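Below: final-v9.pdb (PDB, C-alpha atoms, pLDDT in the B column)
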ATOM      1  CA  PRO A   1       1.088  25.544 -39.550  1.00 45.00           C
ATOM      2  CA  PRO A   2      -1.485  24.562 -36.868  1.00 46.00           C
ATOM      3  CA  ARG A   3      -4.151  22.050 -37.795  1.00 47.00           C
ATOM      4  CA  GLY A   4      -7.086  23.801 -39.543  1.00 47.00           C
ATOM      5  CA  ALA A   5      -5.090  26.886 -40.573  1.00 52.00           C
ATOM      6  CA  ALA A   6      -5.037  25.943 -44.281  1.00 49.00           C
ATOM      7  CA  PRO A   7      -8.846  25.585 -44.639  1.00 51.00           C
ATOM      8  CA  ARG A   8      -9.398  28.893 -42.841  1.00 59.00           C
ATOM      9  CA  LEU A   9      -6.877  30.536 -45.185  1.00 58.00           C
ATOM     10  CA  GLY A  10      -8.770  29.167 -48.212  1.00 53.00           C
ATOM     11  CA  VAL A  11     -12.102  30.412 -46.896  1.00 56.00           C
ATOM     12  CA  ASP A  12     -10.638  33.859 -46.238  1.00 64.00           C
ATOM     13  CA  LEU A  13      -9.202  33.976 -49.744  1.00 60.00           C
ATOM     14  CA  SER A  14     -12.584  32.985 -51.176  1.00 60.00           C
ATOM     15  CA  ARG A  15     -14.382  35.658 -49.181  1.00 65.00           C
ATOM     16  CA  ARG A  16     -11.906  38.323 -50.234  1.00 68.00           C
ATOM     17  CA  ALA A  17     -12.268  37.246 -53.867  1.00 63.00           C
ATOM     18  CA  HIS A  18     -16.032  37.303 -53.581  1.00 61.00           C
ATOM     19  CA  ASP A  19     -15.979  40.723 -51.935  1.00 66.00           C
ATOM     20  CA  HIS A  20     -13.619  41.994 -54.612  1.00 64.00           C
ATOM     21  CA  ALA A  21     -15.918  40.632 -57.334  1.00 62.00           C
ATOM     22  CA  ALA A  22     -18.976  42.188 -55.707  1.00 64.00           C
ATOM     23  CA  ALA A  23     -17.242  45.561 -55.403  1.00 67.00           C
ATOM     24  CA  ARG A  24     -16.122  45.361 -59.034  1.00 65.00           C
ATOM     25  CA  ALA A  25     -19.644  44.473 -60.097  1.00 61.00           C
ATOM     26  CA  LEU A  26     -21.062  47.436 -58.181  1.00 65.00           C
ATOM     27  CA  ARG A  27     -18.504  49.705 -59.767  1.00 64.00           C
ATOM     28  CA  LEU A  28     -19.350  48.417 -63.215  1.00 60.00           C
ATOM     29  CA  ALA A  29     -23.057  48.848 -62.496  1.00 59.00           C
ATOM     30  CA  ALA A  30     -22.509  52.406 -61.454  1.00 58.00           C
ATOM     31  CA  GLU A  31     -20.539  53.072 -64.615  1.00 56.00           C
ATOM     32  CA  SER A  32     -23.063  51.301 -66.923  1.00 54.00           C
ATOM     33  CA  GLU A  33     -26.468  52.465 -65.805  1.00 51.00           C
ATOM     34  CA  LEU A  34     -27.451  52.760 -69.469  1.00 45.00           C
ATOM     35  CA  ALA A  35     -26.998  49.017 -70.088  1.00 51.00           C
ATOM     36  CA  PRO A  36     -28.245  47.200 -66.973  1.00 55.00           C
ATOM     37  CA  THR A  37     -28.659  43.807 -68.612  1.00 63.00           C
ATOM     38  CA  GLU A  38     -25.167  43.754 -70.103  1.00 65.00           C
ATOM     39  CA  ASP A  39     -23.703  44.950 -66.851  1.00 64.00           C
ATOM     40  CA  ALA A  40     -25.570  42.270 -64.977  1.00 65.00           C
ATOM     41  CA  LEU A  41     -24.215  39.634 -67.305  1.00 69.00           C
ATOM     42  CA  VAL A  42     -20.707  40.980 -66.913  1.00 69.00           C
ATOM     43  CA  ARG A  43     -21.075  40.948 -63.166  1.00 72.00           C
ATOM     44  CA  CYS A  44     -22.377  37.415 -63.241  1.00 73.00           C
ATOM     45  CA  ARG A  45     -19.525  36.215 -65.410  1.00 75.00           C
ATOM     46  CA  ALA A  46     -16.979  37.972 -63.201  1.00 74.00           C
ATOM     47  CA  SER A  47     -18.577  36.543 -60.094  1.00 73.00           C
ATOM     48  CA  LEU A  48     -18.655  33.066 -61.615  1.00 74.00           C
ATOM     49  CA  GLU A  49     -15.005  33.289 -62.606  1.00 76.00           C
ATOM     50  CA  THR A  50     -14.051  34.604 -59.200  1.00 75.00           C
ATOM     51  CA  LEU A  51     -16.016  31.856 -57.458  1.00 72.00           C
ATOM     52  CA  ALA A  52     -14.536  29.241 -59.790  1.00 71.00           C
ATOM     53  CA  HIS A  53     -11.018  30.418 -58.970  1.00 74.00           C
ATOM     54  CA  ALA A  54     -11.884  30.573 -55.278  1.00 68.00           C
ATOM     55  CA  SER A  55     -13.375  27.061 -55.416  1.00 69.00           C
ATOM     56  CA  THR A  56     -10.245  25.784 -57.164  1.00 72.00           C
ATOM     57  CA  ASP A  57      -8.085  27.447 -54.539  1.00 69.00           C
ATOM     58  CA  VAL A  58     -10.219  26.057 -51.731  1.00 67.00           C
ATOM     59  CA  ALA A  59     -10.109  22.559 -53.268  1.00 70.00           C
ATOM     60  CA  GLY A  60      -6.337  22.750 -53.546  1.00 70.00           C
ATOM     61  CA  LEU A  61      -5.988  24.032 -50.017  1.00 70.00           C
ATOM     62  CA  SER A  62      -8.414  21.375 -48.806  1.00 70.00           C
ATOM     63  CA  GLU A  63      -6.356  18.658 -50.524  1.00 75.00           C
ATOM     64  CA  GLN A  64      -3.189  20.032 -48.956  1.00 76.00           C
ATOM     65  CA  SER A  65      -4.902  20.146 -45.584  1.00 72.00           C
ATOM     66  CA  ARG A  66      -6.051  16.532 -45.951  1.00 78.00           C
ATOM     67  CA  ALA A  67      -2.510  15.511 -46.913  1.00 76.00           C
ATOM     68  CA  ARG A  68      -1.119  17.382 -43.920  1.00 79.00           C
ATOM     69  CA  LEU A  69      -3.777  15.821 -41.705  1.00 78.00           C
ATOM     70  CA  LEU A  70      -2.824  12.338 -42.910  1.00 84.00           C
ATOM     71  CA  GLU A  71       0.851  13.156 -42.405  1.00 86.00           C
ATOM     72  CA  ALA A  72       0.115  14.493 -38.931  1.00 84.00           C
ATOM     73  CA  GLU A  73      -1.870  11.341 -38.102  1.00 87.00           C
ATOM     74  CA  ARG A  74       0.944   9.106 -39.345  1.00 89.00           C
ATOM     75  CA  PHE A  75       3.479  11.139 -37.350  1.00 90.00           C
ATOM     76  CA  ARG A  76       1.217  10.957 -34.283  1.00 90.00           C
ATOM     77  CA  GLU A  77       0.860   7.172 -34.594  1.00 91.00           C
ATOM     78  CA  THR A  78       4.598   6.716 -35.132  1.00 92.00           C
ATOM     79  CA  LYS A  79       5.503   9.019 -32.242  1.00 92.00           C
ATOM     80  CA  LEU A  80       2.878   7.454 -29.989  1.00 92.00           C
ATOM     81  CA  ARG A  81       4.203   3.976 -30.810  1.00 92.00           C
ATOM     82  CA  GLU A  82       7.747   5.125 -30.043  1.00 93.00           C
ATOM     83  CA  CYS A  83       6.572   6.690 -26.776  1.00 93.00           C
ATOM     84  CA  VAL A  84       4.708   3.513 -25.786  1.00 94.00           C
ATOM     85  CA  GLU A  85       7.751   1.385 -26.631  1.00 94.00           C
ATOM     86  CA  ALA A  86      10.012   3.728 -24.658  1.00 94.00           C
ATOM     87  CA  GLU A  87       7.592   3.712 -21.729  1.00 94.00           C
ATOM     88  CA  THR A  88       7.338  -0.086 -21.823  1.00 94.00           C
ATOM     89  CA  LYS A  89      11.130  -0.400 -21.926  1.00 95.00           C
ATOM     90  CA  LYS A  90      11.543   2.032 -19.035  1.00 95.00           C
ATOM     91  CA  ARG A  91       8.927   0.169 -17.006  1.00 95.00           C
ATOM     92  CA  ASP A  92      10.649  -3.145 -17.783  1.00 95.00           C
ATOM     93  CA  ASP A  93      13.992  -1.607 -16.793  1.00 95.00           C
ATOM     94  CA  ALA A  94      12.435  -0.282 -13.584  1.00 95.00           C
ATOM     95  CA  ALA A  95      10.936  -3.710 -12.807  1.00 95.00           C
ATOM     96  CA  ALA A  96      14.290  -5.394 -13.489  1.00 95.00           C
ATOM     97  CA  ALA A  97      16.082  -2.846 -11.305  1.00 96.00           C
ATOM     98  CA  GLU A  98      13.527  -3.368  -8.540  1.00 96.00           C
ATOM     99  CA  LYS A  99      14.031  -7.141  -8.798  1.00 96.00           C
ATOM    100  CA  ARG A 100      17.796  -6.664  -8.595  1.00 95.00           C
ATOM    101  CA  ARG A 101      17.302  -4.396  -5.574  1.00 95.00           C
ATOM    102  CA  ALA A 102      15.052  -6.969  -3.904  1.00 95.00           C
ATOM    103  CA  ASP A 103      17.542  -9.751  -4.694  1.00 95.00           C
ATOM    104  CA  ALA A 104      20.392  -7.638  -3.344  1.00 96.00           C
ATOM    105  CA  ALA A 105      18.382  -6.852  -0.202  1.00 95.00           C
ATOM    106  CA  ALA A 106      17.631 -10.557   0.273  1.00 95.00           C
ATOM    107  CA  ALA A 107      21.286 -11.435  -0.321  1.00 95.00           C
ATOM    108  CA  LEU A 108      22.339  -8.729   2.155  1.00 96.00           C
ATOM    109  CA  ALA A 109      19.897 -10.042   4.752  1.00 95.00           C
ATOM    110  CA  ALA A 110      21.184 -13.582   4.205  1.00 95.00           C
ATOM    111  CA  ALA A 111      24.790 -12.361   4.454  1.00 95.00           C
ATOM    112  CA  GLU A 112      24.007 -10.462   7.664  1.00 95.00           C
ATOM    113  CA  LEU A 113      22.339 -13.562   9.122  1.00 95.00           C
ATOM    114  CA  GLU A 114      25.304 -15.702   8.081  1.00 94.00           C
ATOM    115  CA  ALA A 115      27.733 -13.163   9.544  1.00 94.00           C
ATOM    116  CA  SER A 116      25.747 -13.117  12.809  1.00 95.00           C
ATOM    117  CA  ARG A 117      25.783 -16.910  12.994  1.00 95.00           C
ATOM    118  CA  ALA A 118      29.488 -17.015  12.161  1.00 95.00           C
ATOM    119  CA  SER A 119      30.170 -14.422  14.868  1.00 94.00           C
ATOM    120  CA  GLU A 120      28.214 -16.471  17.413  1.00 95.00           C
ATOM    121  CA  GLU A 121      30.089 -19.621  16.375  1.00 95.00           C
ATOM    122  CA  ALA A 122      33.388 -17.752  16.657  1.00 95.00           C
ATOM    123  CA  GLU A 123      32.426 -16.609  20.167  1.00 95.00           C
ATOM    124  CA  ARG A 124      31.576 -20.200  21.110  1.00 95.00           C
ATOM    125  CA  ALA A 125      34.854 -21.416  19.596  1.00 96.00           C
ATOM    126  CA  THR A 126      36.737 -18.761  21.569  1.00 95.00           C
ATOM    127  CA  ALA A 127      34.969 -19.781  24.769  1.00 96.00           C
ATOM    128  CA  GLU A 128      35.750 -23.439  24.068  1.00 95.00           C
ATOM    129  CA  ARG A 129      39.404 -22.588  23.401  1.00 94.00           C
ATOM    130  CA  VAL A 130      39.676 -20.574  26.614  1.00 95.00           C
ATOM    131  CA  ALA A 131      37.998 -23.351  28.577  1.00 94.00           C
ATOM    132  CA  PHE A 132      40.306 -25.934  26.991  1.00 94.00           C
ATOM    133  CA  GLU A 133      43.381 -23.818  27.713  1.00 94.00           C
ATOM    134  CA  GLU A 134      42.305 -23.396  31.339  1.00 94.00           C
ATOM    135  CA  SER A 135      41.583 -27.123  31.638  1.00 93.00           C
ATOM    136  CA  ALA A 136      44.829 -28.048  29.905  1.00 92.00           C
ATOM    137  CA  GLU A 137      46.747 -25.677  32.165  1.00 93.00           C
ATOM    138  CA  ALA A 138      45.131 -27.232  35.230  1.00 93.00           C
ATOM    139  CA  VAL A 139      45.984 -30.735  33.954  1.00 93.00           C
ATOM    140  CA  ARG A 140      49.555 -29.633  33.164  1.00 92.00           C
ATOM    141  CA  GLU A 141      49.989 -28.122  36.623  1.00 94.00           C
ATOM    142  CA  THR A 142      48.576 -31.293  38.199  1.00 93.00           C
ATOM    143  CA  LEU A 143      50.884 -33.498  36.168  1.00 93.00           C
ATOM    144  CA  GLU A 144      53.859 -31.277  36.944  1.00 93.00           C
ATOM    145  CA  ARG A 145      53.094 -31.559  40.660  1.00 93.00           C
ATOM    146  CA  LYS A 146      52.723 -35.307  40.313  1.00 93.00           C
ATOM    147  CA  VAL A 147      56.013 -35.540  38.407  1.00 93.00           C
ATOM    148  CA  ARG A 148      57.729 -33.486  41.128  1.00 93.00           C
ATOM    149  CA  ASP A 149      56.130 -35.599  43.839  1.00 92.00           C
ATOM    150  CA  LEU A 150      57.181 -38.817  42.114  1.00 92.00           C
ATOM    151  CA  HIS A 151      60.687 -37.448  41.601  1.00 93.00           C
ATOM    152  CA  ASP A 152      60.900 -36.478  45.271  1.00 91.00           C
ATOM    153  CA  ARG A 153      59.586 -39.884  46.275  1.00 91.00           C
ATOM    154  CA  ALA A 154      62.091 -41.586  44.004  1.00 90.00           C
ATOM    155  CA  GLU A 155      64.866 -39.543  45.603  1.00 90.00           C
ATOM    156  CA  GLU A 156      63.571 -40.557  49.016  1.00 90.00           C
ATOM    157  CA  TYR A 157      63.513 -44.198  47.956  1.00 90.00           C
ATOM    158  CA  LYS A 158      67.073 -43.872  46.681  1.00 90.00           C
ATOM    159  CA  ALA A 159      68.167 -42.325  49.977  1.00 89.00           C
ATOM    160  CA  GLU A 160      66.412 -45.064  51.934  1.00 89.00           C
ATOM    161  CA  SER A 161      67.982 -47.679  49.651  1.00 88.00           C
ATOM    162  CA  ARG A 162      71.416 -46.207  50.230  1.00 88.00           C
ATOM    163  CA  ALA A 163      70.813 -46.161  54.004  1.00 89.00           C
ATOM    164  CA  ILE A 164      69.589 -49.763  53.952  1.00 91.00           C
ATOM    165  CA  GLY A 165      72.620 -50.688  51.848  1.00 88.00           C
ATOM    166  CA  VAL A 166      74.907 -49.100  54.439  1.00 90.00           C
ATOM    167  CA  VAL A 167      73.124 -50.981  57.250  1.00 90.00           C
ATOM    168  CA  ARG A 168      73.308 -54.183  55.248  1.00 89.00           C
ATOM    169  CA  ASP A 169      77.032 -53.741  54.664  1.00 87.00           C
ATOM    170  CA  ALA A 170      77.540 -52.981  58.336  1.00 90.00           C
ATOM    171  CA  LEU A 171      75.621 -56.106  59.371  1.00 90.00           C
ATOM    172  CA  ARG A 172      77.705 -58.178  56.979  1.00 89.00           C
ATOM    173  CA  GLU A 173      80.904 -56.845  58.522  1.00 89.00           C
ATOM    174  CA  ILE A 174      79.541 -57.525  61.988  1.00 90.00           C
ATOM    175  CA  ALA A 175      78.581 -61.065  60.949  1.00 86.00           C
ATOM    176  CA  ARG A 176      82.027 -61.675  59.482  1.00 88.00           C
ATOM    177  CA  ALA A 177      83.740 -60.259  62.610  1.00 87.00           C
ATOM    178  CA  ARG A 178      81.541 -62.421  64.859  1.00 87.00           C
ATOM    179  CA  ALA A 179      82.296 -65.476  62.757  1.00 85.00           C
ATOM    180  CA  ARG A 180      86.006 -64.751  62.959  1.00 86.00           C
ATOM    181  CA  PHE A 181      85.676 -64.181  66.670  1.00 86.00           C
ATOM    182  CA  LEU A 182      83.794 -67.442  67.202  1.00 85.00           C
ATOM    183  CA  GLU A 183      86.245 -69.280  65.010  1.00 83.00           C
ATOM    184  CA  ALA A 184      89.192 -67.865  67.002  1.00 81.00           C
ATOM    185  CA  ALA A 185      87.503 -68.671  70.300  1.00 80.00           C
ATOM    186  CA  SER A 186      86.752 -72.216  69.186  1.00 80.00           C
ATOM    187  CA  ALA A 187      90.362 -72.683  68.114  1.00 79.00           C
ATOM    188  CA  ALA A 188      91.628 -71.344  71.435  1.00 78.00           C
ATOM    189  CA  ALA A 189      89.315 -73.647  73.363  1.00 77.00           C
ATOM    190  CA  ALA A 190      90.493 -76.621  71.353  1.00 76.00           C
ATOM    191  CA  ALA A 191      94.097 -75.675  72.020  1.00 76.00           C
ATOM    192  CA  ASP A 192      93.427 -75.362  75.738  1.00 72.00           C
ATOM    193  CA  ALA A 193      91.789 -78.767  75.778  1.00 72.00           C
ATOM    194  CA  ALA A 194      94.773 -80.448  74.176  1.00 62.00           C
TER     195      ALA A 194
END
Structure translated into structure tokens:
Amino acid sequence: PPRGAAPRLGVDLSRRAHDHAAARALRLAAESELAPTEDALVRCRASLETLAHASTDVAGLSEQSRARLLEAERFRETKLRECVEAETKKRDDAAAAEKRRADAAAALAAAELEASRASEEAERATAERVAFEESAEAVRETLERKVRDLHDRAEEYKAESRAIGVVRDALREIARARARFLEAASAAAAADAA
């Protein structure tokens, strides 16, 4: 029952008992007009008994109400403590979740910064690779031209060497023929002189 209902119930019971006793006393007075003193005593005794019963009932109801009040207070304190503990836990959980969110946001920002730096470094590496490939290709083409030029020059030198060798051989043959001719002429002159 709601708080305060038991005391009100006791008071109502007492009032009804008192009213009942008063009505009974009036009825007895009306029936005993010849003995007013005796009737008055009867009414007083009845009223006292009724009030005694009502007081006992009120005391019992008051004790019950105090017990219920104490029980309600204990329940309130227990429930309030549980609510405070639950609220504290929820606030701690919310603070921990917020910290995790902040840490995750910081980690995400750091990861995005790292990814941006890595992307820039990759772009620089790509540019360096392209530049190296272009430079290497230019060097390769230059070396290939030089190798071809040197090969052509070597072929020219070989051709010139062969030509010089032919001339040299021809000059040797001419020198041998001239020597034979001079030798034959000398021998003929010696024969003529003899």
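Here CA of Glu156 (chain A) stands at a distance of 20.7 Å from CA of Thr142 (chain A).
CA of Ala52 (chain A) sits 22.3 Å away from CA of Ala67 (chain A).
Straight-line separation from CA of Glu133 (chain A) to CA of Arg153 (chain A): 29.4 Å.
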For region 174-180 of chain A, I'd like the enclosing box, axis-aligned and padded by 3 Å on every side, reported as lines of an AutoDock Vina configuration file with centre and edge lengths in Å to one decimal.
center_x = 82.3
center_y = -61.5
center_z = 62.2
size_x = 13.4
size_y = 14.0
size_z = 11.4
Kindly add all heavy atoms to the incomplete region 57-68 of chain A and provide the output as a PDB file, in the coordinates of the input.
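The file below, selection11.pdb, is the result:
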ATOM      1  N   ASP A  57      -9.055  27.211 -55.618  1.00 69.00           N
ATOM      2  CA  ASP A  57      -8.085  27.447 -54.539  1.00 69.00           C
ATOM      3  C   ASP A  57      -8.469  26.697 -53.270  1.00 69.00           C
ATOM      4  O   ASP A  57      -7.625  26.086 -52.594  1.00 69.00           O
ATOM      5  CB  ASP A  57      -7.980  28.939 -54.255  1.00 69.00           C
ATOM      6  CG  ASP A  57      -7.371  29.704 -55.418  1.00 69.00           C
ATOM      7  OD1 ASP A  57      -6.689  29.058 -56.236  1.00 69.00           O
ATOM      8  OD2 ASP A  57      -7.591  30.934 -55.500  1.00 69.00           O
ATOM      9  N   VAL A  58      -9.765  26.757 -52.937  1.00 67.00           N
ATOM     10  CA  VAL A  58     -10.219  26.057 -51.731  1.00 67.00           C
ATOM     11  C   VAL A  58     -10.012  24.552 -51.869  1.00 67.00           C
ATOM     12  O   VAL A  58      -9.600  23.864 -50.923  1.00 67.00           O
ATOM     13  CB  VAL A  58     -11.693  26.395 -51.447  1.00 67.00           C
ATOM     14  CG1 VAL A  58     -12.263  25.457 -50.375  1.00 67.00           C
ATOM     15  CG2 VAL A  58     -11.840  27.824 -51.003  1.00 67.00           C
ATOM     16  N   ALA A  59     -10.301  23.998 -53.067  1.00 70.00           N
ATOM     17  CA  ALA A  59     -10.109  22.559 -53.268  1.00 70.00           C
ATOM     18  C   ALA A  59      -8.646  22.187 -53.109  1.00 70.00           C
ATOM     19  O   ALA A  59      -8.298  21.170 -52.476  1.00 70.00           O
ATOM     20  CB  ALA A  59     -10.620  22.162 -54.660  1.00 70.00           C
ATOM     21  N   GLY A  60      -7.772  23.032 -53.689  1.00 70.00           N
ATOM     22  CA  GLY A  60      -6.337  22.750 -53.546  1.00 70.00           C
ATOM     23  C   GLY A  60      -5.884  22.832 -52.099  1.00 70.00           C
ATOM     24  O   GLY A  60      -5.133  21.972 -51.606  1.00 70.00           O
ATOM     25  N   LEU A  61      -6.354  23.905 -51.434  1.00 70.00           N
ATOM     26  CA  LEU A  61      -5.988  24.032 -50.017  1.00 70.00           C
ATOM     27  C   LEU A  61      -6.565  22.895 -49.179  1.00 70.00           C
ATOM     28  O   LEU A  61      -5.931  22.401 -48.249  1.00 70.00           O
ATOM     29  CB  LEU A  61      -6.470  25.384 -49.485  1.00 70.00           C
ATOM     30  CG  LEU A  61      -5.770  26.616 -50.075  1.00 70.00           C
ATOM     31  CD1 LEU A  61      -6.472  27.895 -49.611  1.00 70.00           C
ATOM     32  CD2 LEU A  61      -4.302  26.642 -49.659  1.00 70.00           C
ATOM     33  N   SER A  62      -7.799  22.486 -49.539  1.00 70.00           N
ATOM     34  CA  SER A  62      -8.414  21.375 -48.806  1.00 70.00           C
ATOM     35  C   SER A  62      -7.628  20.093 -49.018  1.00 70.00           C
ATOM     36  O   SER A  62      -7.410  19.319 -48.077  1.00 70.00           O
ATOM     37  CB  SER A  62      -9.856  21.193 -49.264  1.00 70.00           C
ATOM     38  OG  SER A  62     -10.453  20.099 -48.584  1.00 70.00           O
ATOM     39  N   GLU A  63      -7.168  19.839 -50.254  1.00 75.00           N
ATOM     40  CA  GLU A  63      -6.356  18.658 -50.524  1.00 75.00           C
ATOM     41  C   GLU A  63      -5.045  18.699 -49.742  1.00 75.00           C
ATOM     42  O   GLU A  63      -4.609  17.694 -49.177  1.00 75.00           O
ATOM     43  CB  GLU A  63      -6.078  18.567 -52.023  1.00 75.00           C
ATOM     44  CG  GLU A  63      -5.400  17.288 -52.452  1.00 75.00           C
ATOM     45  CD  GLU A  63      -6.279  16.063 -52.234  1.00 75.00           C
ATOM     46  OE1 GLU A  63      -7.526  16.222 -52.240  1.00 75.00           O
ATOM     47  OE2 GLU A  63      -5.724  14.967 -52.031  1.00 75.00           O
ATOM     48  N   GLN A  64      -4.420  19.881 -49.736  1.00 76.00           N
ATOM     49  CA  GLN A  64      -3.189  20.032 -48.956  1.00 76.00           C
ATOM     50  C   GLN A  64      -3.450  19.788 -47.467  1.00 76.00           C
ATOM     51  O   GLN A  64      -2.650  19.157 -46.785  1.00 76.00           O
ATOM     52  CB  GLN A  64      -2.610  21.427 -49.176  1.00 76.00           C
ATOM     53  CG  GLN A  64      -2.089  21.679 -50.578  1.00 76.00           C
ATOM     54  CD  GLN A  64      -1.580  23.089 -50.739  1.00 76.00           C
ATOM     55  OE1 GLN A  64      -1.550  23.860 -49.774  1.00 76.00           O
ATOM     56  NE2 GLN A  64      -1.197  23.439 -51.966  1.00 76.00           N
ATOM     57  N   SER A  65      -4.570  20.323 -46.998  1.00 72.00           N
ATOM     58  CA  SER A  65      -4.902  20.146 -45.584  1.00 72.00           C
ATOM     59  C   SER A  65      -5.136  18.681 -45.258  1.00 72.00           C
ATOM     60  O   SER A  65      -4.705  18.181 -44.210  1.00 72.00           O
ATOM     61  CB  SER A  65      -6.149  20.965 -45.221  1.00 72.00           C
ATOM     62  OG  SER A  65      -5.899  22.343 -45.405  1.00 72.00           O
ATOM     63  N   ARG A  66      -5.839  17.961 -46.188  1.00 78.00           N
ATOM     64  CA  ARG A  66      -6.051  16.532 -45.951  1.00 78.00           C
ATOM     65  C   ARG A  66      -4.720  15.781 -45.952  1.00 78.00           C
ATOM     66  O   ARG A  66      -4.492  14.886 -45.131  1.00 78.00           O
ATOM     67  CB  ARG A  66      -6.984  15.955 -47.010  1.00 78.00           C
ATOM     68  CG  ARG A  66      -8.455  16.243 -46.748  1.00 78.00           C
ATOM     69  CD  ARG A  66      -9.338  15.360 -47.618  1.00 78.00           C
ATOM     70  NE  ARG A  66      -9.166  15.645 -49.037  1.00 78.00           N
ATOM     71  CZ  ARG A  66      -9.866  16.578 -49.706  1.00 78.00           C
ATOM     72  NH1 ARG A  66     -10.763  17.308 -49.058  1.00 78.00           N
ATOM     73  NH2 ARG A  66      -9.671  16.755 -50.998  1.00 78.00           N
ATOM     74  N   ALA A  67      -3.817  16.159 -46.882  1.00 76.00           N
ATOM     75  CA  ALA A  67      -2.510  15.511 -46.913  1.00 76.00           C
ATOM     76  C   ALA A  67      -1.744  15.780 -45.625  1.00 76.00           C
ATOM     77  O   ALA A  67      -1.112  14.882 -45.053  1.00 76.00           O
ATOM     78  CB  ALA A  67      -1.716  16.006 -48.124  1.00 76.00           C
ATOM     79  N   ARG A  68      -1.808  17.045 -45.172  1.00 79.00           N
ATOM     80  CA  ARG A  68      -1.119  17.382 -43.920  1.00 79.00           C
ATOM     81  C   ARG A  68      -1.761  16.665 -42.736  1.00 79.00           C
ATOM     82  O   ARG A  68      -1.073  16.254 -41.794  1.00 79.00           O
ATOM     83  CB  ARG A  68      -1.136  18.881 -43.703  1.00 79.00           C
ATOM     84  CG  ARG A  68      -0.248  19.636 -44.687  1.00 79.00           C
ATOM     85  CD  ARG A  68      -0.268  21.104 -44.420  1.00 79.00           C
ATOM     86  NE  ARG A  68       0.608  21.825 -45.351  1.00 79.00           N
ATOM     87  CZ  ARG A  68       0.752  23.139 -45.366  1.00 79.00           C
ATOM     88  NH1 ARG A  68       0.079  23.888 -44.512  1.00 79.00           N
ATOM     89  NH2 ARG A  68       1.567  23.714 -46.249  1.00 79.00           N
TER      90      ARG A  68
END
